[in-house]
file model-v6.txt (compact mmCIF, C-alpha atoms and all ligand atoms)
# COMPACT_ATOMS: atom_id res chain seq x y z
CA MET R 1 80.35 103.56 118.97
CA ILE R 2 82.78 106.10 117.62
CA GLN R 3 86.32 104.75 117.42
CA PHE R 4 89.80 106.23 117.09
CA ILE R 5 93.28 104.75 117.07
CA ASP R 6 96.31 106.69 118.24
CA SER R 7 98.94 105.33 115.86
CA HIS R 8 101.89 106.83 117.76
CA CYS R 9 102.28 107.76 121.40
CA HIS R 10 104.91 107.65 124.14
CA ILE R 11 102.96 106.99 127.33
CA ASP R 12 105.57 104.74 128.94
CA GLY R 13 107.76 107.76 129.76
CA PRO R 14 108.21 109.59 133.06
CA GLU R 15 105.73 112.31 132.00
CA TYR R 16 102.95 109.83 132.82
CA ASP R 17 104.34 108.14 135.90
CA ALA R 18 101.94 109.98 138.18
CA ASP R 19 98.71 109.25 136.31
CA ARG R 20 99.29 106.70 133.52
CA GLU R 21 96.23 104.61 134.32
CA GLU R 22 94.01 107.69 134.29
CA VAL R 23 95.48 108.74 130.95
CA ILE R 24 94.64 105.34 129.50
CA ALA R 25 91.15 105.46 131.04
CA ARG R 26 90.53 108.92 129.52
CA ALA R 27 91.64 107.61 126.12
CA ARG R 28 89.21 104.72 126.41
CA ALA R 29 86.40 107.10 127.41
CA ALA R 30 87.15 109.27 124.37
CA GLY R 31 86.76 106.27 122.06
CA VAL R 32 90.45 105.54 121.58
CA THR R 33 90.43 101.76 121.34
CA VAL R 34 94.07 101.19 120.42
CA MET R 35 97.31 103.02 121.18
CA LEU R 36 100.64 102.17 119.60
CA ASN R 37 103.20 103.04 122.23
CA VAL R 38 106.58 103.64 120.64
CA GLY R 39 109.61 102.83 122.75
CA THR R 40 112.38 105.32 122.31
CA GLY R 41 115.60 106.52 123.92
CA ASP R 42 118.96 104.94 124.74
CA PRO R 43 118.65 101.26 123.79
CA HIS R 44 120.77 100.33 126.84
CA SER R 45 118.55 102.17 129.32
CA GLY R 46 115.70 99.66 129.57
CA ALA R 47 113.35 102.04 127.72
CA PHE R 48 112.30 99.39 125.23
CA GLU R 49 111.63 96.76 127.85
CA ARG R 50 109.48 99.36 129.61
CA ALA R 51 107.46 100.04 126.44
CA VAL R 52 106.83 96.33 125.84
CA HIS R 53 105.93 95.77 129.46
CA LEU R 54 103.28 98.51 129.30
CA ALA R 55 101.75 96.87 126.21
CA GLU R 56 101.68 93.52 127.96
CA GLN R 57 99.73 95.07 130.83
CA HIS R 58 96.98 96.75 128.76
CA LYS R 59 94.87 95.24 126.03
CA GLU R 60 94.53 98.61 124.24
CA VAL R 61 98.26 99.23 124.11
CA TYR R 62 100.67 97.76 121.57
CA ALA R 63 104.39 98.41 121.31
CA ALA R 64 106.92 99.39 118.68
CA VAL R 65 110.65 99.04 119.26
CA GLY R 66 113.47 100.61 117.27
CA VAL R 67 116.30 103.07 117.69
CA HIS R 68 115.38 106.67 116.89
CA PRO R 69 117.69 108.56 114.51
CA HIS R 70 118.66 110.81 117.44
CA ASP R 71 120.15 107.75 119.16
CA ALA R 72 121.66 106.07 116.10
CA LYS R 73 125.15 106.74 117.51
CA LEU R 74 124.28 104.50 120.49
CA TRP R 75 123.63 101.47 118.29
CA ASP R 76 125.83 98.43 118.92
CA ALA R 77 125.57 94.64 118.95
CA ALA R 78 124.01 94.62 122.42
CA ALA R 79 121.31 97.07 121.35
CA GLU R 80 120.59 95.02 118.26
CA GLY R 81 120.36 91.81 120.28
CA ARG R 82 118.00 93.39 122.78
CA LEU R 83 115.64 94.74 120.11
CA ILE R 84 115.58 91.45 118.24
CA ALA R 85 114.78 89.58 121.44
CA LEU R 86 111.89 91.92 122.27
CA ALA R 87 110.49 91.78 118.74
CA ASN R 88 110.73 87.99 118.67
CA GLN R 89 109.46 87.27 122.15
CA SER R 90 106.44 89.54 122.58
CA SER R 91 103.34 89.32 120.42
CA ARG R 92 102.54 92.84 121.62
CA VAL R 93 105.36 94.24 119.45
CA ILE R 94 103.63 94.96 116.15
CA ALA R 95 106.07 97.41 114.54
CA TRP R 96 109.75 98.31 114.26
CA GLY R 97 110.32 101.96 115.00
CA GLU R 98 110.60 104.75 115.25
CA ILE R 99 113.50 104.74 112.82
CA GLY R 100 114.57 107.15 110.12
CA LEU R 101 116.46 110.37 109.65
CA ASP R 102 116.42 113.66 111.54
CA TYR R 103 118.50 116.35 109.85
CA HIS R 104 116.88 119.08 111.92
CA TYR R 105 118.57 118.22 115.21
CA ASP R 106 121.46 116.09 113.90
CA HIS R 107 121.89 114.45 117.31
CA SER R 108 123.71 111.62 115.53
CA PRO R 109 126.01 112.10 112.50
CA ARG R 110 124.03 111.79 109.27
CA ASP R 111 126.08 108.92 107.86
CA VAL R 112 125.49 106.98 111.09
CA GLN R 113 121.76 107.78 110.94
CA ARG R 114 121.57 106.43 107.41
CA GLU R 115 123.49 103.27 108.22
CA ILE R 116 121.40 102.43 111.31
CA PHE R 117 118.21 103.26 109.43
CA ARG R 118 119.07 100.77 106.68
CA ARG R 119 120.12 98.14 109.18
CA GLN R 120 116.82 98.39 111.06
CA LEU R 121 114.76 98.32 107.86
CA ARG R 122 116.39 94.97 107.10
CA LEU R 123 115.78 93.67 110.63
CA ALA R 124 112.11 94.66 110.38
CA ARG R 125 111.71 93.07 107.00
CA GLU R 126 113.27 89.80 108.18
CA ARG R 127 110.52 89.68 110.81
CA ASN R 128 107.73 90.88 108.53
CA LEU R 129 107.12 93.87 110.82
CA PRO R 130 105.88 97.17 109.42
CA VAL R 131 108.15 100.13 110.20
CA VAL R 132 107.34 103.44 111.88
CA ILE R 133 109.29 106.17 110.11
CA HIS R 134 110.50 109.43 111.65
CA SER R 135 111.73 111.85 108.99
CA ARG R 136 112.53 115.47 109.61
CA GLU R 137 114.11 117.73 107.00
CA ALA R 138 115.35 114.59 105.31
CA ASP R 139 112.63 113.91 102.72
CA TYR R 140 114.92 113.09 99.84
CA ASP R 141 117.20 110.65 101.69
CA THR R 142 114.30 109.00 103.54
CA ILE R 143 112.38 108.23 100.37
CA ALA R 144 115.55 107.13 98.55
CA ILE R 145 116.52 104.68 101.30
CA LEU R 146 112.97 103.33 101.66
CA GLY R 147 112.81 102.85 97.91
CA GLU R 148 116.05 100.86 97.94
CA GLU R 149 115.41 98.76 101.03
CA LEU R 150 111.70 98.00 100.87
CA THR R 151 111.23 96.82 97.31
CA ALA R 152 108.06 94.77 97.00
CA TYR R 153 107.38 94.84 100.72
CA GLU R 154 103.64 94.57 101.20
CA ARG R 155 102.94 96.06 104.64
CA ALA R 156 105.63 98.71 104.54
CA GLY R 157 104.69 100.97 107.42
CA VAL R 158 103.67 104.44 108.47
CA MET R 159 105.24 107.86 108.07
CA HIS R 160 104.65 109.17 111.57
CA CYS R 161 103.97 112.82 112.46
CA PHE R 162 104.00 113.66 108.81
CA GLY R 163 105.41 117.09 108.05
CA GLY R 164 106.80 116.69 104.56
CA SER R 165 105.53 117.81 101.20
CA LEU R 166 102.53 116.48 99.30
CA GLN R 167 104.99 114.99 96.81
CA MET R 168 106.80 113.09 99.56
CA ALA R 169 103.50 111.79 100.95
CA ARG R 170 102.53 110.48 97.51
CA GLN R 171 105.91 108.83 97.05
CA ALA R 172 105.56 107.16 100.44
CA ILE R 173 102.05 105.92 99.62
CA ASP R 174 103.40 104.48 96.37
CA LEU R 175 105.95 102.56 98.45
CA GLY R 176 103.18 101.01 100.56
CA PHE R 177 103.17 103.52 103.42
CA PHE R 178 100.39 105.18 105.34
CA ILE R 179 100.62 108.86 106.30
CA SER R 180 99.94 109.68 109.94
CA PHE R 181 99.06 113.19 111.06
CA ALA R 182 99.69 114.50 114.56
CA GLY R 183 98.41 117.53 116.47
CA ASN R 184 100.51 119.93 114.42
CA LEU R 185 97.88 119.51 111.69
CA THR R 186 95.66 121.74 113.83
CA PHE R 187 98.25 124.49 114.35
CA LYS R 188 97.31 127.88 113.03
CA LYS R 189 100.30 128.19 110.71
CA ALA R 190 100.06 124.66 109.28
CA ASN R 191 98.24 125.66 106.09
CA ASP R 192 100.61 123.78 103.80
CA LEU R 193 100.27 120.62 105.85
CA ARG R 194 96.46 120.87 105.85
CA ASP R 195 96.58 121.43 102.10
CA ALA R 196 98.54 118.22 101.68
CA ALA R 197 96.22 116.31 104.02
CA ARG R 198 93.19 117.45 102.03
CA GLN R 199 94.63 116.07 98.80
CA LEU R 200 95.67 112.66 100.09
CA PRO R 201 93.38 109.63 99.72
CA LEU R 202 91.50 108.63 102.86
CA ASN R 203 92.63 105.02 102.55
CA GLY R 204 96.22 106.16 103.09
CA LEU R 205 95.75 108.12 106.33
CA MET R 206 96.17 107.61 110.06
CA ILE R 207 96.10 109.86 113.11
CA GLU R 208 98.32 110.06 116.18
CA THR R 209 99.22 112.24 119.12
CA ASP R 210 103.01 111.66 119.39
CA CYS R 211 102.27 112.57 123.00
CA PRO R 212 103.57 114.04 125.27
CA TYR R 213 104.48 116.39 122.37
CA LEU R 214 102.46 118.31 119.78
CA THR R 215 99.30 118.95 121.76
CA PRO R 216 96.55 119.92 119.30
CA VAL R 217 94.50 123.09 119.30
CA PRO R 218 92.64 124.01 121.56
CA TYR R 219 94.82 122.35 124.21
CA ARG R 220 98.20 123.72 123.12
CA GLY R 221 100.60 124.32 125.98
CA LYS R 222 99.26 121.41 128.03
CA ARG R 223 100.77 117.95 128.17
CA ASN R 224 99.37 115.86 125.34
CA GLU R 225 97.72 112.45 125.75
CA PRO R 226 96.02 109.84 123.53
CA ALA R 227 92.47 111.15 124.17
CA ARG R 228 93.50 114.30 122.26
CA VAL R 229 93.82 112.38 119.01
CA VAL R 230 90.15 113.26 118.58
CA GLU R 231 91.14 116.88 117.83
CA THR R 232 93.38 115.81 114.97
CA ALA R 233 90.57 113.57 113.71
CA ARG R 234 88.22 116.55 113.87
CA CYS R 235 90.59 118.64 111.78
CA LEU R 236 91.02 115.87 109.22
CA ALA R 237 87.24 115.38 109.08
CA GLU R 238 86.78 119.06 108.20
CA LEU R 239 89.45 118.89 105.53
CA HIS R 240 87.78 115.89 103.90
CA GLY R 241 84.23 117.15 104.41
CA MET R 242 83.32 114.11 106.48
CA ASP R 243 81.86 113.35 109.87
CA LEU R 244 84.11 112.73 112.83
CA ASP R 245 82.99 109.13 113.22
CA GLU R 246 83.70 108.41 109.56
CA ILE R 247 87.27 109.68 109.91
CA GLY R 248 87.68 107.68 113.10
CA ALA R 249 86.46 104.53 111.39
CA ALA R 250 88.52 105.02 108.23
CA THR R 251 91.81 105.77 110.01
CA SER R 252 91.22 102.89 112.44
CA GLU R 253 90.58 100.54 109.54
CA ASN R 254 93.85 101.63 107.93
CA PHE R 255 95.75 100.97 111.15
CA LYS R 256 94.28 97.48 111.49
CA LYS R 257 95.06 96.70 107.88
CA LEU R 258 98.70 97.61 108.31
CA PHE R 259 99.34 96.06 111.69
CA LEU R 260 96.97 93.10 111.32
CA ILE R 261 95.27 93.52 114.66
CA GLU R 262 91.78 92.53 115.65
CA ASN R 263 89.04 94.91 116.70
CA GLN R 264 89.46 96.04 120.30
CA GLU R 265 85.96 97.39 120.84
CA SER R 266 84.70 94.74 123.23
CA PRO R 267 86.17 94.43 126.71
CA PRO R 268 87.99 91.18 127.58
ZN ZN R 301 109.22 110.92 115.80
ZN ZN R 302 107.57 109.50 118.52
call {"tool": "encode", "arguments": {"input": "model-v6.txt", "output": "structure tokens", "more": "lines below"}}
Ligand SMILES: [Zn+2]
Ligand SMILES: [Zn+2]
result
Amino acid sequence: MIQFIDSHCHIDGPEYDADREEVIARARAAGVTVMLNVGTGDPHSGAFERAVHLAEQHKEVYAAVGVHPHDAKLWDAAAEGRLIALANQSSRVIAWGEIGLDYHYDHSPRDVQREIFRRQLRLARERNLPVVIHSREADYDTIAILGEELTAYERAGVMHCFGGSLQMARQAIDLGFFISFAGNLTFKKANDLRDAARQLPLNGLMIETDCPYLTPVPYRGKRNEPARVVETARCLAELHGMDLDEIGAATSENFKKLFLIENQESPP
């Protein structure tokens, strides 16, 4: 059976309150055997507890917890304590993230973003958890900080919704990262991104939806959902001159290697 893994989605949010179980069922029907649901938002709002709870309710869903660079200014001791407790207590939490730098929106001051990024990299490393990195218009600082904080760290993590340069992708791979492509890979104007994706080694790649955002072609304009990761896989398959099932298998294998999870193909 053809298999895909959505390495980054946000299906715990209110966008899916009306039909979350159907969304998960459609993913399953499309061959999506695993979804990494990334908790995000104000760390004091209960958003992370919600993400972990969803993962505990569904065998296909895992959770990541970490404060997004947008919310770095909301970090405090209580937030830190809450995240540590979730990461320690639930075996469904397999990653720390999404963390990183976003110089496009600058919702938090850049010095605060950098400080909270470093702090969370250390917390993840103490727990041997791979990190999920969000980096937007911050290539240089992201790579510099990762290089300083993650020396000799085996299962480093994944650069999610990759939109940087080929050079940045190669630097990240050298640091032990995987590169995950989202639906924007399929966008008409994304020639540079497709060029980079074509030149990267298959054993360094993953796919994701980042849903509800970044709905791939030909579904642009609609709400995104994990089943649509197949469209990004299709695009990547064309770029690498491979069959869809081969891309699905290769990117799934990469995910399992990083996050050390078992195969989810058989029902419980
Ligand atoms: Zn992100
Ligand atoms: Zn995200």
call {"tool": "closest_residue", "arguments": {"input": "model-v6.txt", "among": "R:His134, R:Arg223, R:Arg170, R:His58", "to": "ligand ZN 301 (chain R)", "atoms": "all atoms listed in the file"}}
result
R:His134
call {"tool": "residues_near_ligand", "arguments": {"input": "model-v6.txt", "ligand": "ligand ZN 301 (chain R)", "cutoff": "12 Å", "atoms": "all atoms listed in the file", "output": "PyMOL selection string"}}
result
chain R and resi 7-10+37-41+66-71+97-102+104-105+132-136+158-163+180-182+208-214
call {"tool": "residues_around", "arguments": {"input": "model-v6.txt", "residues": "R:Ala197", "least_positions_apart": "5", "cutoff": "9 Å", "atoms": "all atoms listed in the file", "output": "PyMOL selection string"}}
result
chain R and resi 166+179+181+185+192+205+236+239-240
call {"tool": "atom_distance", "arguments": {"input": "model-v6.txt", "atom1": "atom CA of R:Thr142", "atom2": "atom CA of R:Phe259"}}
result
21.4 Å
call {"tool": "closest_residue", "arguments": {"input": "model-v6.txt", "among": "R:Val34, R:Ala79, R:Arg155, R:Thr215", "to": "R:Ile261", "atoms": "only C-alpha atoms"}}
result
R:Val34
